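See below for the structure under consideration.
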Amino acid sequence: MQIRPSYADALAVGSRASTAKGDYKGAIEYASQAIRAEPQNILGHLALGEAELAQGRGAEALVAFDAALQISASDVRALVAKGRAENSLGRREEALKLYRDALESDPSSAEAHLFAGHTYVELGRWEDGFREYRKATEIRPRWPAALYNLGRAYLQRKDLSNAHGAFSKAAEYSLNFVEAWFYLGLTNRERARPDEAISAFHKATQLNGGYAEAWLYLGLTLEETGERAQAAEAFRQARDTAGDDAVRAQAEQGLLRVQ
């Protein structure tokens, strides 16, 4: 017998969709309706917490995730979500304990490994982060987020070959993953592959025309290959889109060199 989603489930799905679009007011309303319709609906509480967390409201998110855990204390989704909320409040060790609890409930939780990796990296424990990211990709080999973060960890270790492989796969499996293209460009610069770096930076700027750092590194790489006119245009774009004074200053210096 097939179990059909309840009305509350549908509202929770609507809440998550609204969160993804940045409509947090709508997301909270959908989730609240789900909880009113079915107070024990764990998806409603999780959706409410996700909407709060997306706004940077970690304390409010914790309340929602605790409510989900009262319904099911070993629910992996709720444990990982609460870990993310704790981490957002700077409580790293509490977050790591929750991720460990999640992995006790389900050792195959790629999400628990991924977010544990994030927390370890924030603590400066890159080797532990590397281990968790690698486990996440072993469980979900085609997950762009895990591959991207594994690439960052490889890059931290100066393992350029494996970093290139991870970023390439992340970009392949999610063609609009702008950060993966940017870091693929950075890795190719480090590998002394300027043509490949230029191609990756071009892709990043096509996906996000306001990505000042991608424009800057595109300009630097074009300058190094002697393409002064193209470099000048990239530096102008970096200068005009930069929200960071350091990036703007580097772009202006680049313009002075190539004009």
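Ordering of the structure tokens sets the chain letters (A, B, ...); residue numbers start at 1 within each chain; ligands are numbered from 1 in the order shown.
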
Excluding A:Ser109 and residues on its chain fewer than 4 positions from it, collect all residues at most 12 Å away from it, counting only C-alpha atoms, and give them as a list in words.
Asp75, Val76, Arg77, Leu79, Val80, Tyr99, Arg100, Asp101, Ala102, Leu103, Glu104, Ser105, His113, Leu114, Phe115, Ala116, Glu132, Tyr133, Lys135, Ala136, Thr137, Glu138, Ile139 and Arg140 of chain A

Expected file: the selected residues, N, CA and C atoms, as an mmCIF file, in the first residue's frame:
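part29.cif, freshly written:
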```cif
data_model
loop_
_atom_site.group_PDB
_atom_site.id
_atom_site.type_symbol
_atom_site.label_atom_id
_atom_site.label_comp_id
_atom_site.auth_asym_id
_atom_site.auth_seq_id
_atom_site.Cartn_x
_atom_site.Cartn_y
_atom_site.Cartn_z
ATOM 1 N N ASP A 75 16.041 11.145 14.696
ATOM 2 C CA ASP A 75 15.856 11.530 13.301
ATOM 3 C C ASP A 75 17.131 12.202 12.790
ATOM 4 N N VAL A 76 17.728 11.609 11.765
ATOM 5 C CA VAL A 76 19.018 12.098 11.266
ATOM 6 C C VAL A 76 18.894 13.504 10.716
ATOM 7 N N ARG A 77 17.804 13.768 9.995
ATOM 8 C CA ARG A 77 17.626 15.114 9.438
ATOM 9 C C ARG A 77 17.601 16.172 10.531
ATOM 10 N N LEU A 79 18.832 15.898 13.623
ATOM 11 C CA LEU A 79 20.125 15.978 14.302
ATOM 12 C C LEU A 79 21.116 16.822 13.493
ATOM 13 N N VAL A 80 21.158 16.590 12.181
ATOM 14 C CA VAL A 80 22.066 17.371 11.328
ATOM 15 C C VAL A 80 21.636 18.832 11.311
ATOM 16 N N TYR A 99 26.419 15.811 14.953
ATOM 17 C CA TYR A 99 26.739 15.090 13.726
ATOM 18 C C TYR A 99 27.155 13.650 14.040
ATOM 19 N N ARG A 100 27.890 13.465 15.138
ATOM 20 C CA ARG A 100 28.257 12.096 15.534
ATOM 21 C C ARG A 100 27.013 11.295 15.897
ATOM 22 N N ASP A 101 26.075 11.938 16.596
ATOM 23 C CA ASP A 101 24.820 11.253 16.933
ATOM 24 C C ASP A 101 24.067 10.859 15.668
ATOM 25 N N ALA A 102 24.069 11.748 14.687
ATOM 26 C CA ALA A 102 23.397 11.456 13.420
ATOM 27 C C ALA A 102 24.044 10.247 12.746
ATOM 28 N N LEU A 103 25.374 10.193 12.785
ATOM 29 C CA LEU A 103 26.073 9.088 12.134
ATOM 30 C C LEU A 103 25.907 7.781 12.897
ATOM 31 N N GLU A 104 25.664 7.859 14.193
ATOM 32 C CA GLU A 104 25.323 6.646 14.938
ATOM 33 C C GLU A 104 23.980 6.105 14.480
ATOM 34 N N SER A 105 23.039 7.011 14.207
ATOM 35 C CA SER A 105 21.724 6.595 13.734
ATOM 36 C C SER A 105 21.778 6.099 12.295
ATOM 37 N N HIS A 113 28.367 13.890 7.382
ATOM 38 C CA HIS A 113 29.798 13.992 7.101
ATOM 39 C C HIS A 113 30.139 15.358 6.520
ATOM 40 N N LEU A 114 29.320 15.847 5.595
ATOM 41 C CA LEU A 114 29.610 17.138 4.959
ATOM 42 C C LEU A 114 29.639 18.265 5.983
ATOM 43 N N PHE A 115 28.600 18.350 6.815
ATOM 44 C CA PHE A 115 28.531 19.458 7.764
ATOM 45 C C PHE A 115 29.544 19.301 8.895
ATOM 46 N N ALA A 116 29.874 18.069 9.249
ATOM 47 C CA ALA A 116 30.979 17.870 10.194
ATOM 48 C C ALA A 116 32.275 18.404 9.586
ATOM 49 N N GLU A 132 36.157 13.984 6.533
ATOM 50 C CA GLU A 132 34.697 13.982 6.469
ATOM 51 C C GLU A 132 34.195 14.253 5.053
ATOM 52 N N TYR A 133 34.835 15.185 4.345
ATOM 53 C CA TYR A 133 34.420 15.461 2.971
ATOM 54 C C TYR A 133 34.626 14.228 2.087
ATOM 55 N N LYS A 135 34.558 11.117 3.012
ATOM 56 C CA LYS A 135 33.515 10.137 3.326
ATOM 57 C C LYS A 135 32.198 10.526 2.669
ATOM 58 N N ALA A 136 31.894 11.826 2.672
ATOM 59 C CA ALA A 136 30.653 12.283 2.035
ATOM 60 C C ALA A 136 30.646 11.940 0.555
ATOM 61 N N THR A 137 31.794 12.110 -0.119
ATOM 62 C CA THR A 137 31.839 11.801 -1.551
ATOM 63 C C THR A 137 31.853 10.300 -1.811
ATOM 64 N N GLU A 138 32.354 9.533 -0.869
ATOM 65 C CA GLU A 138 32.297 8.071 -1.027
ATOM 66 C C GLU A 138 30.849 7.587 -0.970
ATOM 67 N N ILE A 139 30.057 8.231 -0.131
ATOM 68 C CA ILE A 139 28.645 7.850 -0.002
ATOM 69 C C ILE A 139 27.825 8.375 -1.179
ATOM 70 N N ARG A 140 28.099 9.635 -1.568
ATOM 71 C CA ARG A 140 27.383 10.261 -2.695
ATOM 72 C C ARG A 140 28.408 10.803 -3.686
#
```

Near A:Gly165, counting only C-alpha atoms, which residues have an atom at most 9 Å away, once you skip same-chain residues fewer than 5 positions from it, shown as an mmCIF file with N, CA and C atoms, in the first residue's frame?
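The result, stored in result_18.cif:
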```cif
data_model
loop_
_atom_site.group_PDB
_atom_site.id
_atom_site.type_symbol
_atom_site.label_atom_id
_atom_site.label_comp_id
_atom_site.auth_asym_id
_atom_site.auth_seq_id
_atom_site.Cartn_x
_atom_site.Cartn_y
_atom_site.Cartn_z
ATOM 1 N N LEU A 147 31.833 17.323 -3.403
ATOM 2 C CA LEU A 147 33.010 17.351 -4.273
ATOM 3 C C LEU A 147 33.717 18.702 -4.206
ATOM 4 N N GLY A 151 37.417 19.389 -2.878
ATOM 5 C CA GLY A 151 38.399 20.112 -3.674
ATOM 6 C C GLY A 151 39.088 21.199 -2.875
ATOM 7 N N LEU A 160 47.193 19.505 -6.021
ATOM 8 C CA LEU A 160 46.525 20.175 -7.137
ATOM 9 C C LEU A 160 45.830 19.201 -8.077
ATOM 10 N N ALA A 170 32.562 18.512 -9.675
ATOM 11 C CA ALA A 170 31.514 19.366 -9.108
ATOM 12 C C ALA A 170 30.893 20.230 -10.199
ATOM 13 N N LEU A 184 38.036 25.953 -9.866
ATOM 14 C CA LEU A 184 38.687 25.200 -10.937
ATOM 15 C C LEU A 184 39.683 26.117 -11.656
#
```

If DSSP is run on the backbone, what residues of stretch 84-186 of chain A are helix (DSSP H, G or I)? A reply as a PyMOL selection string would be ideal.
chain A and resi 84-88+92-105+110-122+126-139+144-156+160-173+178-186

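From atom CA of A:Gly49 back to atom CA of A:Lys82, the distance works out to 8.6 Å.
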
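The space between atom CA of A:Ala51 and atom CA of A:Arg84 spans 12.8 Å.
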
Long-range neighbours of A:Ala214 as number ranges by chain, 7 Å cut-off, only C-alpha atoms, 2 positions minimum in chain
A: 182, 201, 204-205, 211-212, 216-218

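The closest residue to A:Thr187, picked from A:Gln206, A:Asn162, A:Gln40, A:Ser74 and counting only C-alpha atoms, is A:Asn162.
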
Report as a PyMOL selection string all protein, DNA and RNA residues lying within 9 Å of A:Gly58, evaluated on only C-alpha atoms, omitting residues in the same chain fewer than 6 positions from it.
chain A and resi 49+52+84-89

Let me see the file: selected residues, C-alpha atoms, as a PDB file, in the first residue's frame.
```pdb
ATOM      1  CA  GLY A  49      13.831  25.680  11.378  1.00  0.00           C
ATOM      2  CA  GLU A  52      14.812  30.599  10.436  1.00  0.00           C
ATOM      3  CA  ARG A  84      23.982  23.360  11.701  1.00  0.00           C
ATOM      4  CA  ALA A  85      22.060  25.703  14.002  1.00  0.00           C
ATOM      5  CA  GLU A  86      24.516  25.141  16.848  1.00  0.00           C
ATOM      6  CA  ASN A  87      27.387  25.755  14.456  1.00  0.00           C
ATOM      7  CA  SER A  88      25.802  29.009  13.265  1.00  0.00           C
ATOM      8  CA  LEU A  89      25.863  30.184  16.892  1.00  0.00           C
TER       9      LEU A  89
END
```

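Distances to A:Tyr30 were evaluated for A:Arg228, A:Leu11, A:Leu46, A:Val247 using only C-alpha atoms, and the minimum falls at A:Leu11.
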
Point-to-point distance from atom CA of A:Ser15 to atom CA of A:Ala54, Å rounded to tenths
12.1 Å

Quick one: everything within 12 Å of A:Ala163, counting only C-alpha atoms, minus sequence neighbours fewer than 2 positions away in the same chain. Send it as a VMD selection string.
chain A and resid 130 134 147 to 161 165 to 170 180 183 to 188 190 to 191

Near-A:Ala232 list (8 Å; only C-alpha atoms; drop same-chain fewer than 2 positions) as a PDB file with N, CA and C atoms, in the first residue's frame:
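The file below, result-v7.pdb, is the result:
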```pdb
ATOM      1  N   GLY A 219      41.398  38.647 -15.275  1.00  0.00           N
ATOM      2  CA  GLY A 219      42.295  39.699 -15.726  1.00  0.00           C
ATOM      3  C   GLY A 219      43.752  39.357 -15.480  1.00  0.00           C
ATOM      4  N   ARG A 228      46.559  41.865 -23.237  1.00  0.00           N
ATOM      5  CA  ARG A 228      46.426  43.087 -22.448  1.00  0.00           C
ATOM      6  C   ARG A 228      45.048  43.742 -22.609  1.00  0.00           C
ATOM      7  N   ALA A 229      44.511  43.794 -23.808  1.00  0.00           N
ATOM      8  CA  ALA A 229      43.210  44.441 -24.030  1.00  0.00           C
ATOM      9  C   ALA A 229      42.097  43.679 -23.298  1.00  0.00           C
ATOM     10  N   GLN A 230      42.118  42.356 -23.417  1.00  0.00           N
ATOM     11  CA  GLN A 230      41.115  41.552 -22.720  1.00  0.00           C
ATOM     12  C   GLN A 230      41.304  41.642 -21.208  1.00  0.00           C
ATOM     13  N   ALA A 234      38.603  42.862 -18.251  1.00  0.00           N
ATOM     14  CA  ALA A 234      38.313  42.054 -17.057  1.00  0.00           C
ATOM     15  C   ALA A 234      38.594  42.853 -15.791  1.00  0.00           C
ATOM     16  N   PHE A 235      39.685  43.605 -15.778  1.00  0.00           N
ATOM     17  CA  PHE A 235      39.998  44.424 -14.609  1.00  0.00           C
ATOM     18  C   PHE A 235      38.933  45.509 -14.396  1.00  0.00           C
ATOM     19  N   ARG A 236      38.433  46.091 -15.494  1.00  0.00           N
ATOM     20  CA  ARG A 236      37.359  47.094 -15.357  1.00  0.00           C
ATOM     21  C   ARG A 236      36.113  46.467 -14.719  1.00  0.00           C
ATOM     22  N   GLY A 254      45.854  46.540 -11.677  1.00  0.00           N
ATOM     23  CA  GLY A 254      45.953  45.775 -12.921  1.00  0.00           C
ATOM     24  C   GLY A 254      45.683  46.644 -14.134  1.00  0.00           C
ATOM     25  N   LEU A 255      44.688  47.505 -14.046  1.00  0.00           N
ATOM     26  CA  LEU A 255      44.387  48.421 -15.149  1.00  0.00           C
ATOM     27  C   LEU A 255      45.581  49.306 -15.471  1.00  0.00           C
ATOM     28  N   VAL A 258      48.175  47.374 -17.576  1.00  0.00           N
ATOM     29  CA  VAL A 258      47.905  46.905 -18.941  1.00  0.00           C
ATOM     30  C   VAL A 258      47.447  48.001 -19.897  1.00  0.00           C
ATOM     31  N   GLN A 259      47.092  49.155 -19.377  1.00  0.00           N
ATOM     32  CA  GLN A 259      46.613  50.223 -20.258  1.00  0.00           C
ATOM     33  C   GLN A 259      47.771  50.931 -20.955  1.00  0.00           C
TER      34      GLN A 259
END
```

Skipping near chain neighbours, those fewer than 5 positions away, what residues fall within 12 Å of A:Gly90 using only C-alpha atoms, listed as an NGL selection string?
:A and (58-59 or 83-85 or 95-96 or 119 or 122-123)

Include C-alpha atoms and write out the residues we just selected as a short mmCIF file (atom, residue, chain, number, x, y, z; two decimals), in the first residue's frame.
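Okay, out.cif is ready:
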```cif
data_model
loop_
_atom_site.label_atom_id
_atom_site.label_comp_id
_atom_site.auth_asym_id
_atom_site.auth_seq_id
_atom_site.Cartn_x
_atom_site.Cartn_y
_atom_site.Cartn_z
CA GLY A 58 20.09 30.28 14.83
CA ALA A 59 18.38 30.50 18.22
CA GLY A 83 24.04 20.70 14.41
CA ARG A 84 23.98 23.36 11.70
CA ALA A 85 22.06 25.70 14.00
CA ALA A 95 27.55 20.74 16.53
CA LEU A 96 30.12 17.97 16.15
CA THR A 119 32.74 22.57 11.33
CA GLU A 122 36.01 26.37 10.78
CA LEU A 123 38.01 25.06 13.75
#
```

Taking only C-alpha atoms into account, name the residue in A:Glu60, A:Glu223, A:Glu213, A:Glu172 that is nearest to A:Gly243.
A:Glu213

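Of the residues under consideration (A:Arg16, A:Phe65, A:Ser72, A:Ala8), A:Ala8 shows the shortest atom-to-atom contact distance to A:Arg36 when counting only C-alpha atoms.
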